[in-house]
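Engineer: To start, I am sharing the structure in question, which I have written as structure tokens.
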Amino acid sequence: MDLQETTADRAFRDEVRAFIAANLPKDLKEKSEAGYRMHVADGQRWHKILANHGWGAPGWPKEIGGCGWEHGRQYIWEEEMALAGCPPLSPFAVKMVGPVIAAFGTPEQKARFLPSAANGEHLWCQGYSEPNAGSDLATLRTMAVQHGSSYVVNGVKIWNSYGHQADWMFALVRTSTDGKSQEGITVLLIDMKTKGISHRPIITIDGSHILNEVRFDNVEVPLDNRIGEENKGWTYAKFLLGNERALIAQISQSTKLVRQIKKVGLQELTDGSPLIDESDFRAKLATIEVELEALRVTNQRVLFEAKTGSAGNGGAILKSKGTFISQALSELLLEAVGYYGSPWQMEALEQGWNQPPVGPGYAKNAMPLYCRQRANTIEGGTEEIQKNVIAKQVLGL
Ligand SMILES: Cc1cc2nc3c(=O)[nH]c(=O)nc-3n(C[C@H](O)[C@H](O)[C@H](O)COP(=O)(O)OP(=O)(O)OC[C@H]3O[C@@H](n4cnc5c(N)ncnc54)[C@H](O)[C@@H]3O)c2cc1C
């Protein structure tokens with residue numbers, strides 16, 4: 001594995017930069033630079049532009065509509081998009097359910113679901129957690145009982161991101177109570193418009209409505225929407241979790257944050273000296289930057305070794321380190337912008353509020369970002385669970 005960027009890599013980086021410069025719509029660029037909140041629709045719009053260029057699903061093989069890029073190229077692509085302030089793409093379709101359908105779905109399911117996942121047309125959400133099944137996910141109790149050519153689903157999912165906007169959910173359901181709890185789980189693809197699905201919003205500490213409690217009351221799901229074999233869903237669920245954890249590491253976003261913090265640090269304080277001149281600030285930033293560089297290398301190694309299409313248990317290492325770094329950076333940004341960062345007004349994050357925008361975008365976003373990043377150590381499996389996975393599965397303790 002070569003960690004250095006080759007001449008071809010650098011040429012590719014230039015190509016990505018040029019594409020973004022020519023194709024990122026001006027209003028989205030301005031919105032990003034002014035620090036306004038990016039919405040799901042912004043991400044979908046950008047995803048469509050990328051897909052029209054053939055860049056909708058970089059990690060997928062070409063045969064199923066992807067770019068077939070190896071991990072190094074995917075990383076460059078992601079980093080350039082983050083640094084340029086492109087709207088974030090929803091990861092649920094391309095990075096989570098897409099690879100599962102590609103690996104375990106039928107030819108019909110691939111033809112039906114992958115094209116709209118690759119171009120961002122359909123928004124997906126994840127139905128794993130339940131009120132009594134989070135860390136101990138295998139104890140989930142949402143039941144799916146076969147009735148004719150459908151399953152009838154009853155139960156509750158919680159902490160479901162974007163369920164109120166999603167077209168589809170990939171859900172873990174219980175189809176058997178015999179044997180070990182892991183052995184009775186099945187993966188279903190559920191159309192969110194199906195009769196019997198309702199949701200209740202959960203507002204998070206940063207004031208956003210992203211999370212939901214989703215109820216299923218006698219929801220009919222065609223048998224054709226089952227991924228792989230009945231009761232074998234735990235295998236597919238773990239395949240997906242490895243990739244989910246790897247993406248929560250947010251290396252590209254952290255790289256962007258480092259740049260922003262340096263920019264703030266170069267500005268003059270009231271006494272005329274820039275913050276970067278303060279040794280305490282410099283030491284904190286340098287420590288995190290070194291950690292980030294180490295994570296970048298680990299990321300390349302994990303993805304290089306992930307021949308199966310899933311980051312597997314390596315995802316736990318990336319998530320654990322990545323969340324520590326992104327939380328530390330959000331704290332440092334808040335410290336650097338000082339009183340400009342707090343308190344914040346939700347309305348000020350919406351485009352068009354109090355135009356022209358006041359202050360740099362990153363200051364406006366510092367407090368919401370700080371609050372949002374607290375969830376990093378919980379979502380996708382808590383920090384304690386990642387440590388358990390690393391101890392048992394990676395280190396064999
Ligand atoms: C912002 C956000 C978005 C999310 N989005 C989704 C989503 O889209 N879809 C979805 O399905 N879920 C989602 N989740 C849910 C997330 O996966 C769960 O919150 C997480 O797995 C923890 O489960 P829990 O909340 O039930 O906590 P619990 O499992 O009840 O854990 C409580 C505490 O006990 C600790 N603990 C539990 N078991 C052990 C153990 N064996 N060893 C040591 N410590 C332990 C945990 O680390 C934690 O600190 C999201 C969560 C957040 C915060």
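Each chain of the structure tokens is named A, B, ... in the order shown, its residues numbered from 1; ligands are numbered from 1 in display order.
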When DSSP works through the backbone of this structure, what residues of segment 297-331 of chain A end up as alpha helix (DSSP H), shown as a PyMOL selection string?
Structural biologist: chain A and resi 297-305+314-331
Engineer: How about saving the chosen residues, N, CA, C and O atoms kept, as a CSV table (one decimal), in the first residue's frame?
Structural biologist:
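Once everything was written out, this is out-v6.csv:
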chain,number,residue,atom,x,y,z
A,297,VAL,N,-4.0,8.0,7.7
A,297,VAL,CA,-3.2,6.8,7.3
A,297,VAL,C,-4.0,5.5,7.6
A,297,VAL,O,-4.1,4.5,6.8
A,298,THR,N,-4.6,5.5,8.9
A,298,THR,CA,-5.3,4.3,9.3
A,298,THR,C,-6.5,4.1,8.4
A,298,THR,O,-6.8,2.9,8.0
A,299,ASN,N,-7.1,5.1,8.0
A,299,ASN,CA,-8.3,5.0,7.1
A,299,ASN,C,-7.9,4.4,5.8
A,299,ASN,O,-8.5,3.5,5.3
A,300,GLN,N,-6.7,4.8,5.2
A,300,GLN,CA,-6.3,4.2,4.0
A,300,GLN,C,-6.0,2.7,4.2
A,300,GLN,O,-6.3,1.9,3.3
A,301,ARG,N,-5.4,2.4,5.3
A,301,ARG,CA,-5.1,1.0,5.5
A,301,ARG,C,-6.3,0.1,5.7
A,301,ARG,O,-6.5,-0.9,5.0
A,302,VAL,N,-7.3,0.7,6.5
A,302,VAL,CA,-8.5,-0.1,6.7
A,302,VAL,C,-9.3,-0.3,5.3
A,302,VAL,O,-9.7,-1.4,5.0
A,303,LEU,N,-9.4,0.8,4.6
A,303,LEU,CA,-10.1,0.7,3.3
A,303,LEU,C,-9.4,-0.2,2.3
A,303,LEU,O,-10.0,-0.9,1.5
A,304,PHE,N,-8.1,-0.1,2.3
A,304,PHE,CA,-7.2,-0.9,1.5
A,304,PHE,C,-7.4,-2.4,1.7
A,304,PHE,O,-7.5,-3.3,0.9
A,305,GLU,N,-7.6,-2.7,3.1
A,305,GLU,CA,-7.7,-4.1,3.4
A,305,GLU,C,-9.2,-4.6,3.3
A,305,GLU,O,-9.5,-5.8,3.3
A,314,GLY,N,-12.7,-2.7,11.3
A,314,GLY,CA,-11.8,-1.6,11.2
A,314,GLY,C,-12.6,-0.3,11.3
A,314,GLY,O,-12.1,0.8,11.7
A,315,GLY,N,-13.9,-0.4,10.9
A,315,GLY,CA,-14.8,0.8,11.0
A,315,GLY,C,-14.9,1.3,12.5
A,315,GLY,O,-15.0,2.5,12.7
A,316,ALA,N,-14.8,0.4,13.4
A,316,ALA,CA,-14.8,0.7,14.9
A,316,ALA,C,-13.6,1.6,15.2
A,316,ALA,O,-13.7,2.6,16.0
A,317,ILE,N,-12.4,1.3,14.7
A,317,ILE,CA,-11.2,2.1,15.0
A,317,ILE,C,-11.4,3.5,14.4
A,317,ILE,O,-11.2,4.5,15.1
A,318,LEU,N,-11.9,3.5,13.1
A,318,LEU,CA,-12.0,4.8,12.5
A,318,LEU,C,-13.0,5.7,13.2
A,318,LEU,O,-12.8,6.9,13.4
A,319,LYS,N,-14.1,5.0,13.6
A,319,LYS,CA,-15.2,5.8,14.3
A,319,LYS,C,-14.7,6.4,15.6
A,319,LYS,O,-14.9,7.5,15.9
A,320,SER,N,-14.0,5.5,16.4
A,320,SER,CA,-13.6,5.9,17.7
A,320,SER,C,-12.6,7.1,17.6
A,320,SER,O,-12.8,8.1,18.3
A,321,LYS,N,-11.6,7.0,16.8
A,321,LYS,CA,-10.6,8.0,16.7
A,321,LYS,C,-11.2,9.3,16.0
A,321,LYS,O,-11.0,10.4,16.4
A,322,GLY,N,-12.0,9.0,14.9
A,322,GLY,CA,-12.6,10.1,14.1
A,322,GLY,C,-13.5,11.0,15.0
A,322,GLY,O,-13.5,12.2,14.8
A,323,THR,N,-14.3,10.3,15.8
A,323,THR,CA,-15.3,11.1,16.6
A,323,THR,C,-14.5,11.9,17.7
A,323,THR,O,-14.8,13.1,18.0
A,324,PHE,N,-13.5,11.3,18.3
A,324,PHE,CA,-12.6,12.1,19.2
A,324,PHE,C,-12.1,13.3,18.6
A,324,PHE,O,-12.1,14.4,19.1
A,325,ILE,N,-11.6,13.2,17.3
A,325,ILE,CA,-11.0,14.3,16.6
A,325,ILE,C,-12.0,15.4,16.2
A,325,ILE,O,-11.8,16.6,16.5
A,326,SER,N,-13.1,14.9,15.7
A,326,SER,CA,-14.1,15.9,15.3
A,326,SER,C,-14.7,16.7,16.5
A,326,SER,O,-15.0,17.9,16.4
A,327,GLN,N,-14.9,16.0,17.6
A,327,GLN,CA,-15.4,16.7,18.8
A,327,GLN,C,-14.3,17.7,19.3
A,327,GLN,O,-14.7,18.8,19.6
A,328,ALA,N,-13.1,17.3,19.3
A,328,ALA,CA,-12.0,18.2,19.8
A,328,ALA,C,-11.9,19.4,18.9
A,328,ALA,O,-11.7,20.5,19.4
A,329,LEU,N,-12.1,19.2,17.6
A,329,LEU,CA,-12.0,20.3,16.6
A,329,LEU,C,-13.2,21.3,16.8
A,329,LEU,O,-13.0,22.5,16.8
A,330,SER,N,-14.4,20.7,17.1
A,330,SER,CA,-15.5,21.6,17.3
A,330,SER,C,-15.4,22.4,18.5
A,330,SER,O,-15.8,23.6,18.6
A,331,GLU,N,-14.7,21.8,19.5
A,331,GLU,CA,-14.4,22.6,20.8
A,331,GLU,C,-13.4,23.7,20.5
A,331,GLU,O,-13.6,24.8,21.0
Engineer: I need the strand (DSSP E or B) residues of segment 181-323 of chain A per DSSP on the backbone, written as a PyMOL selection string.
Structural biologist: chain A and resi 185-191+197-203+209-222+226-227+232+268+274
Engineer: Find the spatial neighbours of segment 140-150 of chain A, counting only C-alpha atoms, within a cut-off of 8 Å - ignore same-chain residues fewer than 3 positions away - and output them as a count of residues only.
Structural biologist: 18
Engineer: Give me the residues within 12 Å of Lys193 of chain A as a PDB file with N, CA and C atoms, in the first residue's frame, counting only C-alpha atoms and dropping any in the same chain fewer than 6 places off.
Structural biologist:
ATOM      1  N   GLY A 163     -36.207   9.997   8.774  1.00  0.00           N
ATOM      2  CA  GLY A 163     -37.365   9.164   8.441  1.00  0.00           C
ATOM      3  C   GLY A 163     -38.553   9.974   7.961  1.00  0.00           C
ATOM      4  N   HIS A 164     -38.651  11.243   8.391  1.00  0.00           N
ATOM      5  CA  HIS A 164     -39.784  12.088   7.983  1.00  0.00           C
ATOM      6  C   HIS A 164     -39.629  12.575   6.553  1.00  0.00           C
ATOM      7  N   GLN A 165     -38.427  12.423   5.979  1.00  0.00           N
ATOM      8  CA  GLN A 165     -38.211  12.881   4.605  1.00  0.00           C
ATOM      9  C   GLN A 165     -37.884  11.727   3.649  1.00  0.00           C
ATOM     10  N   ALA A 166     -37.530  10.595   4.217  1.00  0.00           N
ATOM     11  CA  ALA A 166     -37.009   9.503   3.383  1.00  0.00           C
ATOM     12  C   ALA A 166     -38.092   8.837   2.538  1.00  0.00           C
ATOM     13  N   ASP A 167     -37.674   8.333   1.377  1.00  0.00           N
ATOM     14  CA  ASP A 167     -38.570   7.543   0.516  1.00  0.00           C
ATOM     15  C   ASP A 167     -38.565   6.084   0.955  1.00  0.00           C
ATOM     16  N   TRP A 168     -37.414   5.606   1.409  1.00  0.00           N
ATOM     17  CA  TRP A 168     -37.260   4.193   1.762  1.00  0.00           C
ATOM     18  C   TRP A 168     -36.503   4.034   3.066  1.00  0.00           C
ATOM     19  N   MET A 169     -36.792   2.938   3.748  1.00  0.00           N
ATOM     20  CA  MET A 169     -36.029   2.584   4.954  1.00  0.00           C
ATOM     21  C   MET A 169     -35.440   1.179   4.778  1.00  0.00           C
ATOM     22  N   HIS A 199     -44.661   8.851  12.197  1.00  0.00           N
ATOM     23  CA  HIS A 199     -43.443   9.240  12.912  1.00  0.00           C
ATOM     24  C   HIS A 199     -43.698  10.403  13.851  1.00  0.00           C
ATOM     25  N   PHE A 216     -44.727   1.319  13.278  1.00  0.00           N
ATOM     26  CA  PHE A 216     -45.271   0.454  12.223  1.00  0.00           C
ATOM     27  C   PHE A 216     -46.510  -0.232  12.788  1.00  0.00           C
ATOM     28  N   VAL A 219     -48.020  -2.827   8.934  1.00  0.00           N
ATOM     29  CA  VAL A 219     -47.471  -2.330   7.662  1.00  0.00           C
ATOM     30  C   VAL A 219     -47.134  -3.521   6.761  1.00  0.00           C
ATOM     31  N   GLU A 220     -47.698  -3.511   5.554  1.00  0.00           N
ATOM     32  CA  GLU A 220     -47.470  -4.641   4.634  1.00  0.00           C
ATOM     33  C   GLU A 220     -46.247  -4.374   3.749  1.00  0.00           C
ATOM     34  N   VAL A 221     -45.309  -5.291   3.807  1.00  0.00           N
ATOM     35  CA  VAL A 221     -44.080  -5.162   3.006  1.00  0.00           C
ATOM     36  C   VAL A 221     -43.962  -6.408   2.124  1.00  0.00           C
TER      37      VAL A 221
END
Engineer: List as a list in words the protein and nucleic acid residues near Arg112 of chain A, meaning an atom at most 12 Å away when only C-alpha atoms are counted, but skip any in the same chain fewer than 3 places from it.
Structural biologist: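 Everything that qualifies: Ile64, Gly98, Ile101, Ala102, Gly105, Thr106, Pro107, Glu108, Gln109, Pro115, Ser116, Ala117, Ala118, His122, Leu189, Asp224 and Asn225 of chain A.
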Engineer: Taking into account only C-alpha atoms and all ligand atoms, which residue in the set A:Leu332, A:Met346, A:Ala237, A:Leu397 is nearest to ligand 1?
Structural biologist: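 Looking only at the distances to ligand 1, the closest residue turns out to be A:Ala237.
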Engineer: Of the candidates A:Ala171, A:Met367, A:Leu266, A:Leu275, which one gets nearest to ligand 1 if we count only C-alpha atoms and all ligand atoms?
Structural biologist: A:Ala171
Engineer: Taking only C-alpha atoms and all ligand atoms into account, which residues have an atom no farther than 9 Å from ligand 1? I'd like them as an MDAnalysis selection string.
Structural biologist: chainID A and resid 92 125:137 157:163 171:172 204 210:212 372:388
Engineer: Any idea what's packed within 9 Å of Ser181 of chain A, counting only C-alpha atoms, ignoring anything in its chain fewer than 3 positions away? Could you give it as a list of chain:residue names?
Structural biologist: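 Near neighbours after the sequence-gap exclusion: A:Ala138, A:Thr139, A:Leu140, A:Arg174, A:Ser176, A:Thr177, A:Asp178, A:Gly184, A:Ile185.
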Engineer: Please save N, CA, C and O atoms of the selected residues as a PDB file, in the first residue's frame.
Structural biologist:
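And here's part27.pdb as it stands now:
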ATOM      1  N   ALA A 138     -29.270  -6.699  18.774  1.00  0.00           N
ATOM      2  CA  ALA A 138     -29.870  -7.988  18.392  1.00  0.00           C
ATOM      3  C   ALA A 138     -31.133  -8.316  19.189  1.00  0.00           C
ATOM      4  O   ALA A 138     -31.879  -9.226  18.817  1.00  0.00           O
ATOM      5  N   THR A 139     -31.401  -7.549  20.254  1.00  0.00           N
ATOM      6  CA  THR A 139     -32.620  -7.816  21.040  1.00  0.00           C
ATOM      7  C   THR A 139     -33.842  -7.108  20.434  1.00  0.00           C
ATOM      8  O   THR A 139     -34.906  -7.076  21.056  1.00  0.00           O
ATOM      9  N   LEU A 140     -33.702  -6.565  19.242  1.00  0.00           N
ATOM     10  CA  LEU A 140     -34.798  -5.796  18.638  1.00  0.00           C
ATOM     11  C   LEU A 140     -36.084  -6.627  18.529  1.00  0.00           C
ATOM     12  O   LEU A 140     -36.028  -7.856  18.346  1.00  0.00           O
ATOM     13  N   ARG A 174     -37.692  -8.616  13.348  1.00  0.00           N
ATOM     14  CA  ARG A 174     -37.593  -9.977  13.897  1.00  0.00           C
ATOM     15  C   ARG A 174     -38.563 -10.890  13.162  1.00  0.00           C
ATOM     16  O   ARG A 174     -39.755 -10.595  13.066  1.00  0.00           O
ATOM     17  N   SER A 176     -38.091 -14.389  13.732  1.00  0.00           N
ATOM     18  CA  SER A 176     -38.114 -15.626  14.526  1.00  0.00           C
ATOM     19  C   SER A 176     -37.657 -15.319  15.944  1.00  0.00           C
ATOM     20  O   SER A 176     -36.776 -14.468  16.155  1.00  0.00           O
ATOM     21  N   THR A 177     -38.266 -16.005  16.895  1.00  0.00           N
ATOM     22  CA  THR A 177     -37.838 -15.849  18.295  1.00  0.00           C
ATOM     23  C   THR A 177     -37.136 -17.116  18.780  1.00  0.00           C
ATOM     24  O   THR A 177     -36.849 -17.258  19.964  1.00  0.00           O
ATOM     25  N   ASP A 178     -36.872 -18.034  17.854  1.00  0.00           N
ATOM     26  CA  ASP A 178     -36.170 -19.273  18.231  1.00  0.00           C
ATOM     27  C   ASP A 178     -34.658 -19.033  18.282  1.00  0.00           C
ATOM     28  O   ASP A 178     -34.130 -18.228  17.524  1.00  0.00           O
ATOM     29  N   GLY A 184     -32.708 -14.587  14.463  1.00  0.00           N
ATOM     30  CA  GLY A 184     -34.077 -14.384  13.976  1.00  0.00           C
ATOM     31  C   GLY A 184     -34.310 -13.025  13.345  1.00  0.00           C
ATOM     32  O   GLY A 184     -35.426 -12.521  13.324  1.00  0.00           O
ATOM     33  N   ILE A 185     -33.236 -12.430  12.784  1.00  0.00           N
ATOM     34  CA  ILE A 185     -33.363 -11.055  12.255  1.00  0.00           C
ATOM     35  C   ILE A 185     -33.329 -11.065  10.727  1.00  0.00           C
ATOM     36  O   ILE A 185     -32.570 -11.828  10.124  1.00  0.00           O
TER      37      ILE A 185
END
